[in-house]
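Text of the file coords-v4.cif, holding mmCIF, C-alpha atoms:
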```cif
data_start
loop_
_atom_site.label_atom_id
_atom_site.label_comp_id
_atom_site.auth_asym_id
_atom_site.auth_seq_id
_atom_site.Cartn_x
_atom_site.Cartn_y
_atom_site.Cartn_z
CA MET A 24 -6.98 10.29 8.87
CA LYS A 25 -3.55 11.06 10.30
CA LEU A 26 -3.09 13.45 13.13
CA SER A 27 -0.59 16.17 12.21
CA THR A 28 1.33 17.83 15.03
CA GLY A 29 4.17 20.26 15.39
CA ALA A 30 4.85 22.80 12.69
CA SER A 31 2.18 22.95 10.02
CA GLN A 32 3.20 21.50 6.69
CA GLN A 33 2.51 23.04 3.32
CA THR A 34 -0.31 21.21 1.60
CA SER A 35 -2.47 21.49 -1.50
CA PHE A 36 -6.19 20.93 -1.74
CA LEU A 37 -5.60 18.81 -4.86
CA PRO A 38 -5.48 15.06 -4.23
CA ASP A 39 -2.29 13.17 -4.98
CA PHE A 40 -2.73 12.19 -8.63
CA CYS A 41 0.44 10.08 -8.42
CA ARG A 42 -1.47 7.46 -6.39
CA GLY A 43 -3.22 4.56 -8.08
CA PRO A 44 -6.59 4.88 -6.25
CA VAL A 45 -6.89 8.54 -7.29
CA ILE A 46 -6.12 7.72 -10.93
CA PHE A 47 -8.64 4.88 -10.85
CA SER A 48 -11.30 7.22 -9.43
CA LEU A 49 -10.56 9.74 -12.19
CA LEU A 50 -10.98 7.04 -14.84
CA MET A 51 -14.30 5.98 -13.29
CA VAL A 52 -15.53 9.58 -13.42
CA SER A 53 -14.46 9.76 -17.08
CA GLN A 54 -16.29 6.53 -17.85
CA MET A 55 -19.51 7.70 -16.20
CA LEU A 56 -19.24 10.99 -18.09
CA ALA A 57 -18.84 9.04 -21.35
CA PHE A 58 -22.03 7.06 -20.68
CA PHE A 59 -23.89 10.26 -19.84
CA LEU A 60 -22.72 12.13 -22.95
CA VAL A 61 -23.57 9.29 -25.33
CA LEU A 62 -26.92 8.37 -23.81
CA ALA A 63 -27.96 12.03 -23.53
CA SER A 64 -27.14 12.81 -27.17
CA PRO A 65 -29.86 12.43 -29.83
CA GLY A 66 -29.92 9.04 -31.54
CA HIS A 67 -32.12 6.07 -32.29
CA GLU A 68 -29.99 3.38 -30.62
CA LEU A 69 -30.85 2.49 -27.01
CA PHE A 70 -27.25 1.46 -26.23
CA PRO A 71 -24.83 2.63 -28.95
CA ALA A 72 -21.83 0.50 -27.99
CA SER A 73 -19.51 1.78 -30.69
CA ARG A 74 -20.04 5.44 -29.73
CA ILE A 75 -19.59 4.68 -26.04
CA ILE A 76 -16.27 2.98 -26.78
CA LEU A 77 -15.03 5.91 -28.86
CA VAL A 78 -16.13 8.56 -26.36
CA SER A 79 -14.66 6.51 -23.47
CA LEU A 80 -11.30 6.24 -25.23
CA PHE A 81 -11.33 9.95 -26.01
CA LEU A 82 -12.06 10.90 -22.37
CA HIS A 83 -9.44 8.47 -21.06
CA TRP A 84 -6.90 10.08 -23.42
CA ILE A 85 -7.72 13.32 -21.63
CA SER A 86 -7.86 11.84 -18.10
CA LEU A 87 -4.53 10.00 -18.03
CA PRO A 88 -2.33 12.88 -19.32
CA SER A 89 -4.25 15.23 -17.01
CA ALA A 90 -3.49 12.99 -14.01
CA ALA A 91 0.19 12.87 -15.00
CA ALA A 92 0.34 16.66 -15.42
CA LEU A 93 -1.45 17.33 -12.11
CA CYS A 94 0.83 14.83 -10.36
CA TRP A 95 3.84 16.79 -11.64
CA ALA A 96 2.31 20.20 -10.92
CA ARG A 97 1.04 19.38 -7.42
CA GLN A 98 4.54 19.22 -5.95
CA ARG A 99 5.47 22.55 -7.54
CA LEU A 100 2.27 24.24 -6.40
CA MET A 101 2.65 23.11 -2.80
CA GLY A 102 2.05 25.97 -0.39
CA ARG A 103 0.68 28.36 -3.02
CA PRO A 104 -2.65 30.16 -2.48
CA THR A 105 -5.75 28.13 -3.24
CA PHE A 106 -6.77 30.42 -6.10
CA VAL A 107 -3.38 30.01 -7.80
CA VAL A 108 -3.54 26.21 -7.47
CA ALA A 109 -7.10 26.10 -8.81
CA MET A 110 -6.30 28.34 -11.79
CA ALA A 111 -3.18 26.34 -12.65
CA ALA A 112 -5.12 23.07 -12.51
CA PHE A 113 -7.94 24.58 -14.59
CA ILE A 114 -5.50 25.78 -17.29
CA ILE A 115 -3.75 22.40 -17.34
CA LEU A 116 -7.04 20.58 -17.86
CA LEU A 117 -8.17 22.96 -20.60
CA GLY A 118 -4.80 22.76 -22.34
CA ILE A 119 -4.71 18.96 -22.39
CA THR A 120 -8.34 18.85 -23.53
CA GLY A 121 -7.55 21.21 -26.40
CA ILE A 122 -4.52 19.19 -27.51
CA VAL A 123 -6.32 15.82 -27.34
CA SER A 124 -9.37 17.33 -29.09
CA GLU A 125 -7.20 18.58 -31.96
CA LEU A 126 -5.54 15.17 -32.31
CA GLY A 127 -8.90 13.44 -32.14
CA PHE A 128 -10.36 15.69 -34.80
CA GLN A 129 -7.43 15.13 -37.14
CA ILE A 130 -7.73 11.37 -36.70
CA GLY A 131 -11.48 11.53 -37.33
CA ARG A 132 -11.01 13.59 -40.50
CA LEU A 133 -8.25 11.23 -41.68
CA LEU A 134 -10.54 8.24 -41.20
CA GLN A 135 -13.42 10.20 -42.82
CA TRP A 136 -15.80 9.82 -39.93
CA ARG A 137 -19.23 11.34 -40.45
CA GLY A 138 -19.38 15.03 -39.52
CA PHE A 139 -15.63 15.64 -39.39
CA ALA A 140 -15.34 16.76 -43.03
CA GLU A 141 -17.72 19.70 -42.64
CA SER A 142 -16.12 23.15 -42.75
CA GLN A 143 -17.56 24.35 -39.44
CA ALA A 144 -17.01 21.01 -37.62
CA HIS A 145 -13.46 21.80 -36.51
CA GLY A 146 -14.18 24.90 -34.44
CA PHE A 147 -17.42 23.47 -33.06
CA PHE A 148 -15.72 20.23 -31.96
CA ILE A 149 -12.87 22.00 -30.15
CA LEU A 150 -15.11 24.63 -28.53
CA ARG A 151 -17.67 22.09 -27.35
CA ASN A 152 -15.00 19.94 -25.72
CA LEU A 153 -13.39 22.94 -24.02
CA ILE A 154 -16.75 24.09 -22.62
CA LEU A 155 -17.55 20.59 -21.30
CA CYS A 156 -14.06 20.30 -19.84
CA GLY A 157 -14.39 23.70 -18.16
CA LEU A 158 -17.70 22.75 -16.53
CA VAL A 159 -16.42 19.39 -15.31
CA ALA A 160 -13.14 20.94 -14.12
CA VAL A 161 -14.98 23.59 -12.07
CA LEU A 162 -17.16 20.93 -10.42
CA LEU A 163 -14.19 18.67 -9.67
CA LEU A 164 -12.03 21.48 -8.28
CA TYR A 165 -14.90 22.67 -6.09
CA PHE A 166 -15.40 19.11 -4.83
CA PHE A 167 -11.67 18.79 -4.05
CA TYR A 168 -11.76 22.12 -2.19
CA LEU A 169 -14.78 21.09 -0.06
CA ARG A 170 -13.20 17.71 0.64
CA ASP A 171 -9.94 19.31 1.72
CA ALA A 172 -11.74 21.84 3.94
CA HIS A 173 -13.70 19.04 5.62
CA SER A 174 -10.51 17.05 6.14
CA ARG A 175 -8.74 20.04 7.70
CA GLN A 176 -11.68 20.57 10.03
CA LEU A 177 -11.57 16.94 11.15
CA ILE A 178 -7.81 17.15 11.76
CA ALA A 179 -8.16 20.36 13.76
CA SER A 180 -10.88 18.77 15.88
CA ALA A 181 -8.74 15.66 16.39
CA GLU A 182 -5.72 17.75 17.43
CA ALA A 183 -7.85 19.62 19.97
CA ARG A 184 -9.19 16.36 21.40
CA PHE A 185 -5.71 14.86 21.51
CA ALA A 186 -4.32 17.90 23.35
CA ALA A 187 -7.13 17.58 25.91
CA LEU A 188 -6.41 13.88 26.41
CA GLN A 189 -2.68 14.52 26.71
CA ALA A 190 -3.28 17.30 29.22
CA ARG A 191 -5.45 14.94 31.27
CA ILE A 192 -2.99 12.00 31.42
CA ARG A 193 0.07 14.04 32.51
CA PRO A 194 -1.38 15.45 35.78
CA HIS A 195 -2.86 12.01 36.49
CA PHE A 196 0.61 10.45 36.36
CA PHE A 197 2.20 13.38 38.18
CA PHE A 198 -0.10 13.33 41.22
CA ASN A 199 -0.10 9.55 41.54
CA SER A 200 3.71 9.56 41.48
CA LEU A 201 3.84 12.29 44.12
CA ASN A 202 1.47 10.32 46.34
CA SER A 203 3.74 7.31 46.07
CA VAL A 204 6.80 9.40 46.93
CA ALA A 205 4.97 10.97 49.88
CA ALA A 206 4.43 7.50 51.33
CA LEU A 207 8.20 6.92 51.26
CA ILE A 208 9.35 10.14 52.92
CA SER A 209 8.87 8.93 56.47
CA ILE A 210 10.29 5.46 55.73
CA ARG A 211 13.26 6.08 53.43
CA PRO A 212 13.76 9.82 52.88
CA GLU A 213 17.03 9.37 50.98
CA SER A 214 15.39 7.06 48.44
CA ALA A 215 12.39 9.38 48.14
CA GLU A 216 14.72 12.29 47.38
CA THR A 217 16.55 10.29 44.70
CA LEU A 218 13.33 9.23 43.07
CA LEU A 219 12.02 12.80 43.08
CA GLU A 220 15.14 13.82 41.18
CA ASP A 221 14.53 11.01 38.67
CA LEU A 222 10.95 12.13 38.26
CA SER A 223 11.95 15.73 37.71
CA ASP A 224 14.33 14.68 34.92
CA LEU A 225 11.65 12.56 33.29
CA PHE A 226 9.01 15.26 33.54
CA ARG A 227 11.39 17.79 32.06
CA ALA A 228 11.84 15.50 29.06
CA ILE A 229 8.08 14.88 28.75
CA LEU A 230 7.17 18.56 28.91
CA LYS A 231 9.78 19.39 26.27
CA ASN A 232 8.34 16.73 23.95
CA ARG A 233 5.57 18.36 21.92
CA GLU A 234 5.12 15.31 19.71
CA PRO A 235 2.38 12.77 20.42
CA TRP A 236 4.96 9.96 20.29
CA ASN A 237 7.90 9.02 22.47
CA SER A 238 10.77 6.64 21.86
CA LEU A 239 10.30 3.13 23.22
CA GLU A 240 13.45 3.51 25.33
CA ASP A 241 12.08 6.63 27.04
CA GLU A 242 8.70 4.98 27.65
CA VAL A 243 10.43 1.95 29.20
CA ARG A 244 12.65 4.20 31.34
CA LEU A 245 9.60 6.13 32.56
CA ALA A 246 7.76 2.93 33.51
CA GLN A 247 10.84 1.52 35.25
CA THR A 248 11.28 4.71 37.28
CA TYR A 249 7.64 4.54 38.33
CA LEU A 250 8.04 0.89 39.36
CA ARG A 251 11.14 1.75 41.41
CA ILE A 252 8.97 4.11 43.43
CA GLU A 253 6.29 1.50 43.94
CA GLU A 254 8.87 -1.19 44.70
CA LEU A 255 10.17 0.83 47.64
CA ARG A 256 6.61 1.31 48.88
CA LEU A 257 5.40 -2.28 48.37
CA GLY A 258 8.67 -4.07 49.03
CA GLU A 259 8.86 -7.75 48.08
CA ARG A 260 5.16 -7.77 47.21
CA LEU A 261 6.04 -6.21 43.87
CA GLN A 262 8.06 -8.31 41.44
CA GLN A 263 8.86 -7.54 37.81
CA ASP A 264 9.45 -9.54 34.67
CA TRP A 265 10.73 -7.47 31.74
CA GLN A 266 11.14 -8.91 28.25
CA LEU A 267 12.33 -6.28 25.77
CA PRO A 268 13.42 -6.47 22.12
CA ASP A 269 17.15 -6.65 21.54
CA ASN A 270 17.11 -3.52 19.39
CA MET A 271 14.73 -0.72 20.39
CA GLN A 272 16.32 1.82 18.04
CA GLY A 273 13.69 3.65 15.99
CA LEU A 274 10.70 2.09 17.78
CA ARG A 275 8.23 4.45 19.41
CA LEU A 276 5.00 4.47 21.39
CA PRO A 277 2.36 7.12 21.98
CA LEU A 278 3.61 9.37 24.76
CA LEU A 279 2.68 8.08 28.24
CA SER A 280 1.07 4.88 27.02
CA LEU A 281 3.19 2.23 28.80
CA GLN A 282 3.30 3.79 32.27
CA PRO A 283 -0.52 3.97 32.72
CA LEU A 284 -0.74 0.24 31.89
CA VAL A 285 1.92 -0.49 34.51
CA GLU A 286 0.19 1.81 36.99
CA ASN A 287 -3.10 -0.05 36.47
CA ALA A 288 -1.29 -3.33 37.14
CA VAL A 289 0.01 -1.98 40.46
CA TYR A 290 -3.07 -0.18 41.79
CA HIS A 291 -5.73 -2.64 40.65
CA GLY A 292 -3.73 -5.83 40.95
CA ILE A 293 -0.58 -6.06 43.10
CA GLU A 294 -1.69 -3.55 45.73
CA ARG A 295 -4.98 -5.40 46.36
CA LEU A 296 -3.28 -8.76 46.98
CA PRO A 297 -1.83 -9.32 50.47
CA GLN A 298 0.92 -11.54 49.05
CA GLY A 299 1.55 -9.24 46.07
CA GLY A 300 2.60 -10.70 42.72
CA ARG A 301 4.60 -10.35 39.56
CA ILE A 302 4.02 -7.79 36.81
CA GLY A 303 5.01 -8.99 33.35
CA ILE A 304 5.97 -6.40 30.74
CA HIS A 305 6.65 -8.13 27.43
CA ILE A 306 7.45 -6.01 24.37
CA GLN A 307 8.15 -7.56 20.99
CA ARG A 308 8.12 -6.68 17.34
CA GLN A 309 6.24 -8.96 14.97
CA ALA A 310 6.37 -8.15 11.27
CA ARG A 311 5.11 -4.56 11.09
CA GLN A 312 3.53 -4.47 14.54
CA LEU A 313 4.87 -3.51 17.95
CA ILE A 314 3.16 -5.56 20.66
CA VAL A 315 3.20 -4.48 24.30
CA GLU A 316 1.67 -6.83 26.86
CA VAL A 317 1.33 -6.00 30.56
CA SER A 318 0.04 -8.79 32.81
CA ASN A 319 -0.58 -8.96 36.54
CA PRO A 320 -2.45 -11.11 39.07
CA VAL A 321 -5.81 -9.81 40.36
CA PRO A 322 -8.15 -10.89 43.14
CA VAL A 323 -10.41 -13.57 41.72
CA ASP A 324 -13.69 -12.71 43.45
CA GLU A 325 -13.43 -8.92 43.61
CA ARG A 326 -14.82 -6.41 41.16
CA PRO A 327 -12.46 -3.95 39.44
CA ALA A 328 -11.73 -0.88 41.54
CA PRO A 329 -13.50 2.37 40.54
CA GLY A 330 -11.55 4.36 37.98
CA SER A 331 -9.59 1.39 36.66
CA ARG A 332 -10.71 2.14 33.09
CA ILE A 333 -9.98 5.88 32.96
CA ALA A 334 -6.38 5.50 31.82
CA LEU A 335 -7.28 2.67 29.42
CA ASP A 336 -10.05 4.71 27.80
CA ASN A 337 -7.67 7.65 27.49
CA ILE A 338 -5.09 5.50 25.68
CA ARG A 339 -7.75 4.04 23.37
CA GLN A 340 -8.97 7.49 22.37
CA ARG A 341 -5.43 8.67 21.66
CA LEU A 342 -4.74 5.53 19.60
CA ARG A 343 -7.87 6.20 17.55
CA LEU A 344 -6.73 9.74 16.81
CA LEU A 345 -3.16 8.74 15.97
CA TYR A 346 -3.70 5.52 14.04
CA ASP A 347 -7.40 5.31 13.14
CA ASP A 348 -8.24 1.59 13.35
CA LYS A 349 -4.65 0.36 12.85
CA ALA A 350 -3.87 0.21 16.59
CA THR A 351 -5.71 -1.61 19.36
CA LEU A 352 -5.70 -1.90 23.13
CA THR A 353 -7.43 -5.03 24.37
CA THR A 354 -7.85 -6.32 27.91
CA HIS A 355 -9.04 -9.63 29.33
CA SER A 356 -9.04 -11.35 32.69
CA LEU A 357 -8.77 -15.12 33.08
CA SER A 358 -8.09 -17.32 36.10
CA GLY A 359 -6.87 -14.49 38.31
CA THR A 360 -4.60 -12.93 35.67
CA TYR A 361 -5.31 -9.62 33.97
CA ARG A 362 -3.71 -8.79 30.62
CA ALA A 363 -3.60 -5.56 28.65
CA GLU A 364 -2.26 -5.86 25.11
CA LEU A 365 -1.31 -2.85 23.01
CA ARG A 366 -0.70 -3.32 19.26
CA ILE A 367 0.48 -0.44 17.08
CA PRO A 368 2.15 -0.18 13.68
CA ALA A 369 5.93 -0.45 14.10
#
```

Output the file's structure in the form of structure tokens.
Amino acid sequence: MKLSTGASQQTSFLPDFCRGPVIFSLLMVSQMLAFFLVLASPGHELFPASRIILVSLFLHWISLPSAAALCWARQRLMGRPTFVVAMAAFIILLGITGIVSELGFQIGRLLQWRGFAESQAHGFFILRNLILCGLVAVLLLYFFYLRDAHSRQLIASAEARFAALQARIRPHFFFNSLNSVAALISIRPESAETLLEDLSDLFRAILKNREPWNSLEDEVRLAQTYLRIEELRLGERLQQDWQLPDNMQGLRLPLLSLQPLVENAVYHGIERLPQGGRIGIHIQRQARQLIVEVSNPVPVDERPAPGSRIALDNIRQRLRLLYDDKATLTTHSLSGTYRAELRIPA
């Protein structure tokens, strides 16, 4: 499931019949229907292989042109009312069934198959196939409609949850930054004033951004501004090691995902060490993944401070909503070093 944000896009409840998995599913439905029709018809054979092959071929002749026609029509029906889309799809399916049935009947009569030479066979054959097609089409279209409604409900729920998570992380960053600035006012008021101006510019950009993503450059700039504040407060106790990709053009991260990792490194690592330490922020692109690693020293014998997982859990939930299971945030602590690694599709 992908989380859609911003302006709503025009969609259709029909699946994308241009995609291979959808076509394969349609062929499987046709094959199961062929088995059902043959085995349910009167006969003395337990498994009439020849009839199953013929009926399967006939239904596949209907399925494949129908998939091609619906693939073509879906783009042209985008944004139309559901009733119009359903009626158009229904007419397309009936039309292709009628054409294939007529061709099949003419081939059967040419080959002198049993039952095709009778005078009333023609009308009965066409009508029966149209009725069966109509019943199957109604069931399929109703299934597609229910599936689309369920998907829309899931997306709406995900968007609401994402908005709540986003609303929670912004004040968290805002108040922590203000607390850091407040500690500098009595020591270096000029620097505190400059940093407040930087923060106001950054917050103006964040509040204008209604998308769930932010460019990698902006995320790095936000984290660097935050570290400048903490560097003035902690002095030489806070050291930084940045390793960034040569070209960050086009790369993006979920909004406010890097800064909370850096903030965790400061509050639950550097700040708790009398001698301080070095924060490592290493960002690289490997194949189709963007990897962000934030490392910091931590006290060896102390337990994590309360609340150290709030920001991490928030990021994980947002990743799940944005990328399903294609993005991960893992953490591990070893020999006095804590690492948080974020992996997302590039």

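Considering only C-alpha atoms, the residue among A:His83, A:Val204, A:Ala363, A:Leu133 positioned nearest to Glu216 (chain A) is A:Val204.
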
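Nearest residue to Ala172 (chain A), choosing from A:Gln129, A:Ser214, A:Thr105, A:Thr351 and counting all atoms listed in the file: A:Thr105.
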
note - CA of Leu201 (chain A) and CA of Leu279 (chain A) are separated by 16.5 Å

List the residues matched by the PyMOL selection byres ((chain A and resi 37) around 9) in the displayed structure as a PDB file with C-alpha atoms, in the frame of the given file, ordered by chain and then by residue number.
```pdb
ATOM      1  CA  THR A  34      -0.310  21.210   1.600  1.00  0.00           C
ATOM      2  CA  SER A  35      -2.470  21.490  -1.500  1.00  0.00           C
ATOM      3  CA  PHE A  36      -6.190  20.930  -1.740  1.00  0.00           C
ATOM      4  CA  PRO A  38      -5.480  15.060  -4.230  1.00  0.00           C
ATOM      5  CA  ASP A  39      -2.290  13.170  -4.980  1.00  0.00           C
ATOM      6  CA  PHE A  40      -2.730  12.190  -8.630  1.00  0.00           C
ATOM      7  CA  LEU A  93      -1.450  17.330 -12.110  1.00  0.00           C
ATOM      8  CA  ARG A  97       1.040  19.380  -7.420  1.00  0.00           C
ATOM      9  CA  VAL A 108      -3.540  26.210  -7.470  1.00  0.00           C
ATOM     10  CA  ALA A 109      -7.100  26.100  -8.810  1.00  0.00           C
ATOM     11  CA  ALA A 112      -5.120  23.070 -12.510  1.00  0.00           C
ATOM     12  CA  LEU A 164     -12.030  21.480  -8.280  1.00  0.00           C
ATOM     13  CA  PHE A 167     -11.670  18.790  -4.050  1.00  0.00           C
ATOM     14  CA  TYR A 168     -11.760  22.120  -2.190  1.00  0.00           C
ATOM     15  CA  ASP A 171      -9.940  19.310   1.720  1.00  0.00           C
TER      16      ASP A 171
END
```

re CA of Tyr290 (chain A) and CA of Leu239 (chain A): distance 23.1 Å

Requested in this report: Apply the PyMOL selection byres ((chain A and resi 55-65) around 6) to the structure shown and report the selected residues as a PyMOL selection string.
Outcome: chain A and resi 52-54+66+78-79

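Between CA of Val317 (chain A) and CA of Ser358 (chain A) the separation is 15.7 Å.
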
Using only C-alpha atoms, the residue out of A:Glu125, A:Glu294, A:Gln272, A:Val285 with shortest distance to Ala369 (chain A) is A:Gln272

Quiz item: Using only C-alpha atoms, what residues lie at most 9 Å away from (0.2, -8.2, 39.5) (file coordinates), given as a PyMOL selection string?
Solution: chain A and resi 261-263+288-294+296+299-303+318-321+360-361

Write a file of the just-selected residues containing C-alpha atoms, as a PDB file, keeping the file's coordinate frame.
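The file below, again.pdb, is the result:
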```pdb
ATOM      1  CA  LEU A 261       6.040  -6.210  43.870  1.00  0.00           C
ATOM      2  CA  GLN A 262       8.060  -8.310  41.440  1.00  0.00           C
ATOM      3  CA  GLN A 263       8.860  -7.540  37.810  1.00  0.00           C
ATOM      4  CA  ALA A 288      -1.290  -3.330  37.140  1.00  0.00           C
ATOM      5  CA  VAL A 289       0.010  -1.980  40.460  1.00  0.00           C
ATOM      6  CA  TYR A 290      -3.070  -0.180  41.790  1.00  0.00           C
ATOM      7  CA  HIS A 291      -5.730  -2.640  40.650  1.00  0.00           C
ATOM      8  CA  GLY A 292      -3.730  -5.830  40.950  1.00  0.00           C
ATOM      9  CA  ILE A 293      -0.580  -6.060  43.100  1.00  0.00           C
ATOM     10  CA  GLU A 294      -1.690  -3.550  45.730  1.00  0.00           C
ATOM     11  CA  LEU A 296      -3.280  -8.760  46.980  1.00  0.00           C
ATOM     12  CA  GLY A 299       1.550  -9.240  46.070  1.00  0.00           C
ATOM     13  CA  GLY A 300       2.600 -10.700  42.720  1.00  0.00           C
ATOM     14  CA  ARG A 301       4.600 -10.350  39.560  1.00  0.00           C
ATOM     15  CA  ILE A 302       4.020  -7.790  36.810  1.00  0.00           C
ATOM     16  CA  GLY A 303       5.010  -8.990  33.350  1.00  0.00           C
ATOM     17  CA  SER A 318       0.040  -8.790  32.810  1.00  0.00           C
ATOM     18  CA  ASN A 319      -0.580  -8.960  36.540  1.00  0.00           C
ATOM     19  CA  PRO A 320      -2.450 -11.110  39.070  1.00  0.00           C
ATOM     20  CA  VAL A 321      -5.810  -9.810  40.360  1.00  0.00           C
ATOM     21  CA  THR A 360      -4.600 -12.930  35.670  1.00  0.00           C
ATOM     22  CA  TYR A 361      -5.310  -9.620  33.970  1.00  0.00           C
TER      23      TYR A 361
END
```

Identify, on the basis of only C-alpha atoms, every residue whose closest approach to region 211-213 of chain A does not exceed 12 Å; exclude the query and any residue fewer than 4 positions from it along the same chain; express the result as a PyMOL selection string.
chain A and resi 204-207+217-220+252+255-256+258

Run the PyMOL selection byres ((chain A and resi 364-367) around 7) against the file shown and list the residues it catches, as a CSV table (one decimal) with C-alpha atoms, in the coordinates of the input.
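This went into part.csv:
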```
chain,number,residue,atom,x,y,z
A,312,GLN,CA,3.5,-4.5,14.5
A,313,LEU,CA,4.9,-3.5,18.0
A,314,ILE,CA,3.2,-5.6,20.7
A,315,VAL,CA,3.2,-4.5,24.3
A,316,GLU,CA,1.7,-6.8,26.9
A,317,VAL,CA,1.3,-6.0,30.6
A,349,LYS,CA,-4.6,0.4,12.8
A,350,ALA,CA,-3.9,0.2,16.6
A,351,THR,CA,-5.7,-1.6,19.4
A,352,LEU,CA,-5.7,-1.9,23.1
A,353,THR,CA,-7.4,-5.0,24.4
A,354,THR,CA,-7.8,-6.3,27.9
A,362,ARG,CA,-3.7,-8.8,30.6
A,363,ALA,CA,-3.6,-5.6,28.6
A,368,PRO,CA,2.2,-0.2,13.7
A,369,ALA,CA,5.9,-0.4,14.1
```

* From the set A:Tyr249, A:Asp269, A:Glu259, A:Leu77, which residue has the shortest atom-to-atom contact distance to Gln282 (chain A), counting all atoms listed in the file? ->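 Once distances to Gln282 (chain A) are computed over all atoms listed in the file, the minimum belongs to A:Tyr249.
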
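Taking all atoms listed in the file into account, Asp336 (chain A) lies nearest to A:Pro283 out of the set A:Gly121, A:Gly127, A:Pro283, A:Pro88.
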
Counting all atoms listed in the file, the residue among A:Phe81, A:Tyr346, A:Phe113, A:Trp265 that lies closest to Leu163 (chain A) is A:Phe113

For Ile154 (chain A), list every protein, DNA or RNA residue within 12 Å, evaluated using only C-alpha atoms, and leave out those in the same chain fewer than 3 positions away; present the list as number ranges by chain. A: 113, 116-117, 120-121, 124, 147-151, 157-161
